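Colleague: Below is the file query_33.txt, which contains compact mmCIF, C-alpha atoms.
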```txt
# COMPACT_ATOMS: atom_id res chain seq x y z
CA MET A 1 19.53 17.46 -25.75
CA ASP A 2 22.77 17.71 -23.84
CA ALA A 3 20.84 17.30 -20.64
CA ALA A 4 19.09 14.17 -21.92
CA THR A 5 22.33 12.44 -22.85
CA TYR A 6 23.59 13.08 -19.35
CA VAL A 7 20.43 12.33 -17.42
CA LEU A 8 19.01 9.30 -19.20
CA PRO A 9 21.95 6.94 -18.51
CA ALA A 10 21.86 7.98 -14.84
CA LEU A 11 18.14 7.19 -14.66
CA LEU A 12 18.57 3.86 -16.42
CA LYS A 13 21.35 2.93 -14.04
CA GLY A 14 19.05 3.86 -11.15
CA ALA A 15 16.25 1.76 -12.63
CA TRP A 16 18.63 -1.19 -12.85
CA ILE A 17 19.45 -0.86 -9.16
CA SER A 18 15.72 -0.61 -8.32
CA LEU A 19 15.17 -3.85 -10.23
CA LEU A 20 18.06 -5.59 -8.48
CA VAL A 21 16.76 -4.56 -5.06
CA ALA A 22 13.25 -5.70 -6.00
CA VAL A 23 14.47 -9.08 -7.24
CA GLN A 24 16.60 -9.72 -4.15
CA ALA A 25 14.00 -8.55 -1.65
CA GLY A 26 11.29 -10.36 -3.62
CA ALA A 27 13.09 -13.71 -3.63
CA LEU A 28 13.88 -13.44 0.07
CA GLY A 29 10.36 -12.25 0.88
CA LEU A 30 8.71 -15.06 -1.07
CA ALA A 31 10.79 -17.65 0.78
CA ILE A 32 9.73 -16.12 4.11
CA ALA A 33 6.09 -15.97 2.99
CA VAL A 34 5.88 -19.59 1.90
CA ALA A 35 7.65 -20.86 5.01
CA ALA A 36 5.70 -18.69 7.46
CA GLY A 37 2.39 -19.20 5.64
CA ALA A 38 2.69 -22.97 5.64
CA LEU A 39 4.01 -23.16 9.22
CA ARG A 40 1.16 -20.97 10.44
CA GLU A 41 -1.30 -23.48 9.04
CA MET A 42 0.07 -26.51 10.80
CA ALA A 43 2.62 -25.95 13.54
CA ASN A 44 2.37 -25.44 17.29
CA PRO A 45 0.61 -22.50 19.00
CA ILE A 46 3.79 -20.71 20.08
CA LEU A 47 5.19 -20.67 16.57
CA ARG A 48 1.82 -19.59 15.25
CA PHE A 49 1.70 -16.73 17.74
CA ALA A 50 5.24 -15.63 16.80
CA ILE A 51 4.37 -15.63 13.10
CA GLY A 52 1.18 -13.69 13.84
CA LEU A 53 3.18 -11.11 15.78
CA TYR A 54 5.66 -10.75 12.93
CA VAL A 55 2.91 -10.33 10.35
CA GLU A 56 0.91 -7.81 12.39
CA PHE A 57 3.93 -5.78 13.37
CA PHE A 58 5.18 -5.34 9.81
CA ARG A 59 1.71 -4.63 8.47
CA GLY A 60 0.88 -2.25 11.31
CA THR A 61 3.84 0.05 10.72
CA SER A 62 4.81 1.22 7.27
CA ALA A 63 7.86 0.14 5.30
CA PHE A 64 9.05 3.74 5.29
CA ILE A 65 9.12 3.92 9.11
CA GLN A 66 10.82 0.52 9.27
CA ILE A 67 13.50 1.65 6.81
CA TYR A 68 14.25 4.66 8.99
CA TRP A 69 14.32 2.44 12.05
CA ALA A 70 16.67 -0.08 10.46
CA TYR A 71 18.99 2.61 9.16
CA PHE A 72 19.06 5.05 12.11
CA ALA A 73 17.98 3.13 15.24
CA LEU A 74 19.36 -0.35 14.62
CA PRO A 75 23.03 0.77 14.65
CA MET A 76 22.49 1.89 18.27
CA LEU A 77 21.82 -1.76 19.10
CA GLY A 78 25.14 -2.60 17.51
CA VAL A 79 23.80 -3.78 14.15
CA ARG A 80 25.30 -1.70 11.39
CA LEU A 81 23.84 -2.27 7.95
CA SER A 82 24.60 -0.28 4.82
CA ALA A 83 21.67 1.72 3.44
CA LEU A 84 21.26 -0.85 0.66
CA GLU A 85 21.29 -3.79 3.08
CA ALA A 86 18.91 -2.16 5.55
CA GLY A 87 16.50 -1.20 2.79
CA THR A 88 16.56 -4.58 1.08
CA ALA A 89 16.08 -6.43 4.38
CA VAL A 90 13.12 -4.27 5.39
CA LEU A 91 11.43 -4.68 2.01
CA ALA A 92 11.97 -8.46 2.14
CA LEU A 93 10.46 -8.68 5.64
CA ASN A 94 7.50 -6.62 4.45
CA ILE A 95 6.89 -8.84 1.44
CA GLY A 96 7.21 -11.80 3.78
CA ALA A 97 4.55 -10.41 6.12
CA TYR A 98 2.01 -9.58 3.43
CA GLY A 99 2.89 -12.75 1.52
CA THR A 100 2.28 -14.94 4.58
CA GLU A 101 -1.33 -13.82 4.59
CA ILE A 102 -1.66 -14.46 0.86
CA VAL A 103 -0.32 -18.01 1.20
CA ARG A 104 -2.67 -18.70 4.08
CA GLY A 105 -5.66 -17.27 2.23
CA ALA A 106 -4.85 -19.23 -0.92
CA LEU A 107 -4.52 -22.51 0.97
CA LYS A 108 -7.81 -21.84 2.74
CA ALA A 109 -9.53 -21.08 -0.57
CA VAL A 110 -8.89 -24.58 -1.92
CA PRO A 111 -12.21 -26.37 -1.30
CA ARG A 112 -12.28 -28.74 1.69
CA GLY A 113 -13.47 -31.55 -0.55
CA GLN A 114 -10.07 -31.67 -2.22
CA ARG A 115 -8.35 -32.41 1.08
CA GLU A 116 -11.04 -34.91 2.06
CA ALA A 117 -10.81 -36.67 -1.28
CA CYS A 118 -7.05 -37.07 -0.86
CA HIS A 119 -7.63 -38.50 2.58
CA ALA A 120 -10.26 -40.90 1.26
CA LEU A 121 -7.85 -42.05 -1.44
CA GLY A 122 -5.26 -42.73 1.25
CA LEU A 123 -2.69 -40.28 -0.12
CA PRO A 124 0.14 -39.33 2.27
CA VAL A 125 -0.03 -35.81 3.68
CA TRP A 126 2.99 -34.52 1.75
CA ILE A 127 1.58 -35.74 -1.55
CA THR A 128 -1.73 -34.11 -0.64
CA TYR A 129 0.12 -30.82 -0.23
CA VAL A 130 2.65 -31.05 -3.05
CA LYS A 131 0.48 -32.57 -5.74
CA VAL A 132 -3.02 -31.37 -4.90
CA LEU A 133 -3.35 -28.42 -2.50
CA ILE A 134 -0.30 -26.28 -3.34
CA PRO A 135 -0.75 -26.31 -7.13
CA GLN A 136 -4.37 -25.20 -6.71
CA ALA A 137 -3.45 -22.64 -4.07
CA LEU A 138 -0.75 -21.26 -6.38
CA THR A 139 -3.24 -20.44 -9.11
CA ARG A 140 -5.17 -18.34 -6.59
CA ALA A 141 -2.03 -16.72 -5.23
CA ILE A 142 -0.66 -15.44 -8.54
CA LEU A 143 -2.83 -12.32 -8.73
CA PRO A 144 -2.26 -11.13 -5.15
CA PHE A 145 1.44 -11.98 -5.44
CA GLY A 146 1.62 -10.02 -8.69
CA ASN A 147 0.11 -7.03 -6.90
CA LEU A 148 2.56 -7.54 -4.06
CA MET A 149 5.49 -7.53 -6.49
CA VAL A 150 4.22 -4.25 -7.96
CA ASP A 151 4.07 -2.85 -4.42
CA LEU A 152 7.61 -4.09 -3.86
CA LEU A 153 8.92 -2.44 -7.00
CA LYS A 154 7.25 0.82 -5.97
CA GLY A 155 8.56 0.29 -2.45
CA THR A 156 12.17 0.35 -3.66
CA ALA A 157 11.60 4.09 -4.23
CA LEU A 158 11.49 4.51 -0.43
CA LEU A 159 15.19 3.65 -0.32
CA SER A 160 15.91 7.02 -1.91
CA ALA A 161 15.29 8.56 1.52
CA ILE A 162 18.30 6.75 2.96
CA THR A 163 20.61 7.62 0.03
CA VAL A 164 20.43 4.41 -2.00
CA THR A 165 21.09 5.53 -5.59
CA GLU A 166 18.10 3.80 -7.13
CA LEU A 167 15.79 5.34 -9.73
CA THR A 168 14.03 7.90 -7.52
CA PHE A 169 17.30 9.06 -5.98
CA ALA A 170 18.86 9.38 -9.42
CA GLY A 171 15.88 11.50 -10.50
CA ARG A 172 16.16 13.79 -7.47
CA GLN A 173 19.89 14.20 -8.02
CA ALA A 174 19.34 15.09 -11.66
CA VAL A 175 16.63 17.64 -10.80
CA SER A 176 18.75 19.28 -8.13
CA SER A 177 21.69 19.65 -10.51
CA ILE A 178 19.98 20.69 -13.78
CA GLY A 179 16.31 21.40 -12.96
CA HIS A 180 13.63 20.31 -15.47
CA PRO A 181 11.49 18.54 -12.82
CA PHE A 182 8.63 17.92 -15.24
CA LEU A 183 10.78 16.03 -17.74
CA ILE A 184 12.93 14.20 -15.23
CA PHE A 185 10.29 13.14 -12.70
CA GLY A 186 8.01 12.41 -15.67
CA ALA A 187 10.68 10.09 -17.07
CA VAL A 188 11.13 8.47 -13.64
CA LEU A 189 7.39 7.79 -13.43
CA VAL A 190 7.34 6.32 -16.92
CA LEU A 191 10.31 4.07 -16.11
CA TYR A 192 8.48 2.72 -13.04
CA LEU A 193 5.40 2.18 -15.20
CA ILE A 194 7.43 0.25 -17.77
CA MET A 195 8.82 -2.02 -15.05
CA ALA A 196 5.56 -2.50 -13.14
CA ALA A 197 3.04 -2.89 -15.98
CA PRO A 198 4.30 -6.28 -17.27
CA ILE A 199 4.09 -7.71 -13.74
CA ALA A 200 0.58 -6.39 -13.10
CA TRP A 201 -0.84 -7.22 -16.51
CA GLY A 202 0.87 -10.62 -16.65
CA ALA A 203 -0.59 -11.58 -13.28
CA ARG A 204 -4.07 -10.47 -14.38
CA ALA A 205 -3.86 -12.45 -17.62
CA PHE A 206 -2.70 -15.55 -15.73
CA ASP A 207 -5.53 -15.15 -13.24
CA ARG A 208 -8.16 -14.93 -15.98
CA ARG A 209 -6.93 -18.20 -17.48
CA ALA A 210 -6.61 -19.96 -14.14
CA ARG A 211 -10.16 -19.09 -13.13
CA ARG A 212 -11.54 -21.24 -15.92
CA TRP A 213 -10.58 -24.48 -14.27
CA GLN A 214 -10.52 -23.63 -10.60
CA THR A 215 -12.70 -25.86 -8.44
CA GLU A 216 -15.29 -23.96 -6.44
CA ALA A 217 -16.10 -24.61 -2.82
CA MET B 1 22.20 0.38 25.51
CA ILE B 2 20.06 1.74 28.34
CA ILE B 3 16.71 3.17 27.43
CA ASP B 4 16.24 6.60 28.99
CA PHE B 5 12.64 6.88 30.18
CA ALA B 6 13.01 10.47 31.39
CA TYR B 7 14.01 11.42 27.86
CA ILE B 8 11.00 9.61 26.44
CA GLY B 9 8.74 11.61 28.78
CA GLU B 10 10.42 14.78 27.61
CA ILE B 11 9.78 14.22 23.90
CA LEU B 12 6.31 12.65 24.16
CA PRO B 13 4.39 15.97 24.00
CA ALA B 14 6.14 16.95 20.77
CA LEU B 15 5.53 13.52 19.25
CA PHE B 16 1.91 13.68 20.36
CA GLY B 17 1.43 17.00 18.57
CA ALA B 18 3.04 15.59 15.45
CA THR B 19 0.78 12.53 15.65
CA LEU B 20 -2.23 14.84 15.63
CA ALA B 21 -0.81 16.62 12.56
CA THR B 22 -0.36 13.24 10.86
CA LEU B 23 -3.94 12.27 11.65
CA ARG B 24 -5.22 15.61 10.39
CA ILE B 25 -3.37 15.17 7.09
CA ALA B 26 -4.67 11.61 6.77
CA VAL B 27 -8.28 12.65 7.38
CA LEU B 28 -8.14 15.57 4.93
CA ALA B 29 -6.49 13.45 2.23
CA PHE B 30 -9.00 10.68 2.81
CA GLY B 31 -11.91 13.15 2.55
CA LEU B 32 -10.56 14.29 -0.80
CA SER B 33 -10.13 10.70 -1.97
CA LEU B 34 -13.76 9.96 -1.05
CA LEU B 35 -15.08 12.93 -3.00
CA VAL B 36 -12.97 12.27 -6.09
CA GLY B 37 -13.42 8.50 -5.84
CA LEU B 38 -17.20 8.81 -5.73
CA GLY B 39 -17.06 11.11 -8.73
CA PHE B 40 -14.93 8.58 -10.64
CA ALA B 41 -17.27 5.73 -9.71
CA ILE B 42 -20.36 7.58 -10.94
CA LEU B 43 -18.65 8.75 -14.13
CA ARG B 44 -17.43 5.21 -14.82
CA LEU B 45 -21.00 3.93 -14.73
CA SER B 46 -21.92 6.42 -17.43
CA LYS B 47 -21.56 4.95 -20.87
CA ARG B 48 -19.22 7.64 -22.22
CA ARG B 49 -16.34 5.65 -23.64
CA GLY B 50 -13.73 8.40 -23.66
CA LEU B 51 -14.39 9.26 -20.04
CA VAL B 52 -14.29 5.65 -18.90
CA ALA B 53 -11.03 5.04 -20.78
CA GLY B 54 -9.53 8.22 -19.32
CA ILE B 55 -10.35 7.18 -15.76
CA PHE B 56 -8.98 3.69 -16.44
CA ALA B 57 -5.68 5.08 -17.76
CA TYR B 58 -5.40 7.46 -14.79
CA THR B 59 -6.03 4.61 -12.35
CA GLU B 60 -3.40 2.36 -13.94
CA PHE B 61 -0.80 5.11 -14.04
CA ILE B 62 -1.37 6.16 -10.43
CA ARG B 63 -1.29 2.60 -9.13
CA LEU B 64 1.73 1.39 -11.10
CA THR B 65 4.02 4.24 -10.05
CA PRO B 66 5.31 5.07 -6.54
CA LEU B 67 3.43 7.60 -4.44
CA ILE B 68 6.72 9.13 -3.29
CA VAL B 69 7.67 10.01 -6.88
CA GLN B 70 4.20 11.43 -7.50
CA LEU B 71 4.81 13.64 -4.46
CA PHE B 72 8.13 14.89 -5.85
CA PHE B 73 6.54 15.46 -9.22
CA ALA B 74 3.76 17.61 -7.77
CA TYR B 75 6.03 19.40 -5.32
CA TYR B 76 8.52 20.49 -7.98
CA VAL B 77 6.29 20.82 -11.04
CA LEU B 78 3.24 22.67 -9.64
CA PRO B 79 5.23 25.89 -8.90
CA GLU B 80 6.69 25.74 -12.42
CA ILE B 81 3.22 25.92 -13.95
CA GLY B 82 2.27 28.80 -11.66
CA ILE B 83 0.51 26.96 -8.84
CA GLN B 84 2.09 28.05 -5.58
CA LEU B 85 0.94 25.63 -2.92
CA PRO B 86 2.62 24.99 0.46
CA ALA B 87 4.05 21.53 1.03
CA GLU B 88 1.26 20.21 3.25
CA PRO B 89 -1.68 20.96 0.90
CA THR B 90 0.41 19.59 -1.98
CA GLY B 91 0.87 16.37 -0.06
CA ILE B 92 -2.83 16.16 0.83
CA LEU B 93 -3.73 16.71 -2.81
CA VAL B 94 -1.36 14.02 -4.10
CA ILE B 95 -2.34 11.40 -1.50
CA GLY B 96 -6.03 12.21 -1.99
CA LEU B 97 -5.83 11.84 -5.77
CA HIS B 98 -3.80 8.64 -5.34
CA TYR B 99 -6.27 6.98 -3.00
CA ALA B 100 -9.23 8.12 -5.11
CA THR B 101 -8.28 5.30 -7.49
CA TYR B 102 -8.83 2.83 -4.65
CA THR B 103 -11.97 4.34 -3.12
CA SER B 104 -13.59 4.63 -6.56
CA GLU B 105 -13.32 0.87 -6.91
CA VAL B 106 -15.03 0.36 -3.54
CA PHE B 107 -17.77 2.83 -4.51
CA GLY B 108 -18.20 1.14 -7.89
CA THR B 109 -18.69 -2.29 -6.36
CA GLY B 110 -21.00 -0.90 -3.67
CA ILE B 111 -23.17 0.94 -6.17
CA LEU B 112 -23.49 -2.09 -8.44
CA ALA B 113 -24.51 -4.18 -5.42
CA VAL B 114 -27.67 -2.10 -4.96
CA GLN B 115 -30.44 -4.10 -6.56
CA ARG B 116 -31.74 -2.99 -9.91
CA GLY B 117 -35.27 -2.96 -8.54
CA GLN B 118 -34.33 -0.06 -6.28
CA TRP B 119 -33.54 2.09 -9.31
CA GLU B 120 -36.65 0.99 -11.12
CA SER B 121 -38.91 1.67 -8.15
CA ALA B 122 -37.36 5.11 -7.73
CA TRP B 123 -37.89 5.91 -11.39
CA SER B 124 -41.43 4.62 -11.37
CA LEU B 125 -42.14 6.85 -8.37
CA GLY B 126 -41.11 9.75 -10.56
CA LEU B 127 -37.76 10.42 -8.88
CA ARG B 128 -35.08 11.61 -11.24
CA GLY B 129 -31.31 11.94 -11.56
CA TRP B 130 -29.42 13.20 -8.54
CA VAL B 131 -32.33 12.58 -6.15
CA VAL B 132 -32.23 8.86 -6.92
CA TRP B 133 -28.48 8.81 -6.22
CA ARG B 134 -28.66 10.82 -3.04
CA LYS B 135 -31.83 9.44 -1.46
CA ILE B 136 -32.05 5.86 -2.71
CA VAL B 137 -28.83 4.39 -4.08
CA LEU B 138 -25.97 5.91 -2.07
CA PRO B 139 -27.53 5.43 1.40
CA GLN B 140 -27.89 1.71 0.67
CA ALA B 141 -24.55 1.41 -1.09
CA ILE B 142 -22.37 3.14 1.50
CA ARG B 143 -23.07 1.12 4.63
CA PRO B 144 -21.60 -2.18 3.40
CA MET B 145 -18.58 -0.30 2.02
CA VAL B 146 -17.51 1.19 5.35
CA PRO B 147 -15.09 -1.61 6.33
CA ALA B 148 -13.32 -1.58 2.94
CA LEU B 149 -13.05 2.21 3.02
CA GLY B 150 -11.79 2.03 6.60
CA ASN B 151 -8.99 -0.30 5.56
CA TYR B 152 -7.91 2.20 2.93
CA LEU B 153 -7.95 4.97 5.54
CA VAL B 154 -5.54 2.93 7.70
CA GLN B 155 -3.32 2.28 4.68
CA LEU B 156 -3.39 5.96 3.78
CA PHE B 157 -2.49 6.95 7.35
CA LYS B 158 0.63 4.81 7.16
CA GLU B 159 1.75 6.66 4.01
CA VAL B 160 1.60 10.15 5.51
CA PRO B 161 5.29 9.90 6.64
CA LEU B 162 6.21 10.09 2.95
CA LEU B 163 5.39 13.80 3.22
CA SER B 164 8.55 14.21 5.30
CA THR B 165 10.44 14.04 1.99
CA ILE B 166 8.75 17.25 0.85
CA THR B 167 9.47 19.06 4.16
CA VAL B 168 6.12 18.53 5.90
CA TYR B 169 6.49 18.21 9.66
CA GLU B 170 4.35 15.17 10.30
CA LEU B 171 5.35 12.50 12.82
CA LEU B 172 8.42 11.04 11.10
CA ASN B 173 9.96 14.36 10.17
CA THR B 174 9.38 15.77 13.65
CA ALA B 175 10.94 12.64 15.13
CA ASN B 176 13.92 13.01 12.82
CA LEU B 177 14.42 16.57 13.95
CA ILE B 178 14.25 15.58 17.63
CA ALA B 179 16.55 12.61 17.17
CA GLY B 180 19.02 14.69 15.17
CA GLN B 181 19.47 17.03 18.14
CA SER B 182 19.88 14.39 20.86
CA PHE B 183 21.20 11.60 18.65
CA ARG B 184 18.88 9.17 20.42
CA TYR B 185 17.52 7.54 17.29
CA LEU B 186 16.72 4.28 19.05
CA GLU B 187 14.24 5.75 21.53
CA VAL B 188 12.69 8.21 19.10
CA MET B 189 12.30 5.90 16.10
CA THR B 190 11.01 3.05 18.24
CA LEU B 191 8.39 5.38 19.70
CA VAL B 192 7.35 6.46 16.23
CA ALA B 193 6.99 2.84 15.12
CA LEU B 194 4.96 2.05 18.25
CA ILE B 195 2.64 5.01 17.72
CA PHE B 196 1.97 3.91 14.15
CA PHE B 197 1.46 0.34 15.22
CA VAL B 198 -0.98 1.16 18.01
CA ILE B 199 -3.10 3.44 15.83
CA SER B 200 -3.22 1.28 12.73
CA TYR B 201 -3.50 -2.09 14.47
CA GLY B 202 -6.18 -0.71 16.80
CA SER B 203 -8.13 0.67 13.86
CA SER B 204 -7.90 -2.54 11.87
CA LEU B 205 -9.26 -4.49 14.84
CA MET B 206 -12.21 -2.09 14.99
CA ILE B 207 -12.76 -2.44 11.26
CA ALA B 208 -12.66 -6.24 11.47
CA ASN B 209 -15.29 -6.00 14.21
CA LEU B 210 -17.44 -3.76 12.02
CA GLU B 211 -17.06 -6.18 9.12
CA GLU B 212 -18.21 -9.04 11.30
CA ARG B 213 -21.32 -7.13 12.35
CA GLU B 214 -22.02 -6.10 8.76
CA ARG B 215 -21.84 -9.72 7.66
CA SER B 216 -24.21 -10.93 10.33
CA ARG B 217 -26.81 -8.34 9.47
```
As structure tokens, what does this structure read like?
Modeller:
Amino acid sequence: MDAATYVLPALLKGAWISLLVAVQAGALGLAIAVAAGALREMANPILRFAIGLYVEFFRGTSAFIQIYWAYFALPMLGVRLSALEAGTAVLALNIGAYGTEIVRGALKAVPRGQREACHALGLPVWITYVKVLIPQALTRAILPFGNLMVDLLKGTALLSAITVTELTFAGRQAVSSIGHPFLIFGAVLVLYLIMAAPIAWGARAFDRRARRWQTEA
Amino acid sequence: MIIDFAYIGEILPALFGATLATLRIAVLAFGLSLLVGLGFAILRLSKRRGLVAGIFAYTEFIRLTPLIVQLFFAYYVLPEIGIQLPAEPTGILVIGLHYATYTSEVFGTGILAVQRGQWESAWSLGLRGWVVWRKIVLPQAIRPMVPALGNYLVQLFKEVPLLSTITVYELLNTANLIAGQSFRYLEVMTLVALIFFVISYGSSLMIANLEERERSR
């Protein structure tokens, strides 16, 4: 029991840092996703191409490779970020890239008739978006965004490879100092499950309710 | 910062070899995930409640916890319970069992999409059990699933670098070793990112093409 009293607080502290990273990267990533997703739908071809490049690049390489790049290669270009900063920035840019596609898909999924009806009623474009299209798109985006947030939370574990003392790192440290990998990594897994399950299940429950009144194409 | 092309030429053969190792690991892990995933899908269609609940719980647990922690868990715990497995097979096993939860969903949907009449005709022709699966249902079910499975293969490929954390010399770990000697992280890590991008973006373009053809059939 001695071991537990020493290890558990360390793991909980690690879990707290994982959560903080996820919240920060998530907020930043969502902002990028909404901006890039909406701009990609309307703006000029050059901007659209740039956003496409950003999305494909981040989706085509993995977050793990990008974290290594940001932490080891970026300093050689004169940009020195701490491990925590590099990791959080990479995760945010990843969420932004995947989120951009979700926003675009959700906007596309709102039936055309909704847009046409707004036009026929003479509503201004911004009201069409703010009052009609975005609220409907949001209901379709909740489930994929929930899944994305679960991926983000799991993605914070990658930061352990560049020495950020989040949950996974805390678990590895504890195992290397006192052993008991089954108990400690088991506890780490359960802690991730406890953090991720409410997000995943909440998003699913919301989606089931939202489906009842979604308009079909 | 001047990029040294001679140096890039020098390290390319080693990176190429490591890329092949990464692809080999990805293919083996994907093969395992197909076998196990198909098994899960077939078992889930059986009406045995305990089995179905067990597979559901396994799927949730695997998907709501980070792959990297699952790797650590297997790598440290398997030897403790008497299973001595080198790092690479351990990694293949963990990734394969992880992605089985995704492929099983694709298989499940594909199998359910085969029309009921196909089963009934097979039965009325006197075909039984495994023959119906192998000769009638699976051949029809698998073709439309290929794009979805292909996307999971690309996703899986991008996760192979996680094995560097359990000492497997795939692309990222090899690159790290090379860069650690020359301290040219910029060139090496950028090359690694480019290799991943070319392979996964190229494959997803091919898959999108396949999907298009499948849809127009």
Colleague: Using all atoms listed in the file, find the one residue out of A:Leu189, A:Ala200, A:Ala25, A:Ala106 that sits nearest to Glu85 (chain A).
Modeller: A:Ala25
Colleague: To one decimal place in Å, what is the distance between CA of Phe73 (chain B) and CA of Leu153 (chain A)?
Modeller: 18.2 Å
Colleague: My list of candidates is B:Ser216, B:Ser182, B:Thr165, B:Ser203. Which is closest to Leu159 (chain A) when distances are computed with all atoms listed in the file?
Modeller: B:Thr165
Colleague: Can you tell me, as an MDAnalysis selection string, what residues are no more than 7 Å from region 112-123 of chain B when counting only C-alpha atoms, ignoring any on the same chain fewer than 5 positions away?
Modeller: chainID B and resid 128 132 137 140:141
Colleague: Residues of the last selection are to be written out with C-alpha atoms, as a short mmCIF file (atom, residue, chain, number, x, y, z; two decimals), in the coordinates of the input.
Modeller:
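Listed below is the output, selection09.cif:
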```cif
data_model
loop_
_atom_site.label_atom_id
_atom_site.label_comp_id
_atom_site.auth_asym_id
_atom_site.auth_seq_id
_atom_site.Cartn_x
_atom_site.Cartn_y
_atom_site.Cartn_z
CA ARG B 128 -35.08 11.61 -11.24
CA VAL B 132 -32.23 8.86 -6.92
CA VAL B 137 -28.83 4.39 -4.08
CA GLN B 140 -27.89 1.71 0.67
CA ALA B 141 -24.55 1.41 -1.09
#
```
Colleague: Which chain A residues are at most 9 Å from chain B (counting all atoms listed in the file), as an NGL selection string?
Modeller: :A and (56-66 or 68-69 or 72-77 or 150-151 or 153-158 or 161 or 168 or 172 or 180-182 or 184-186 or 188-197 or 200)
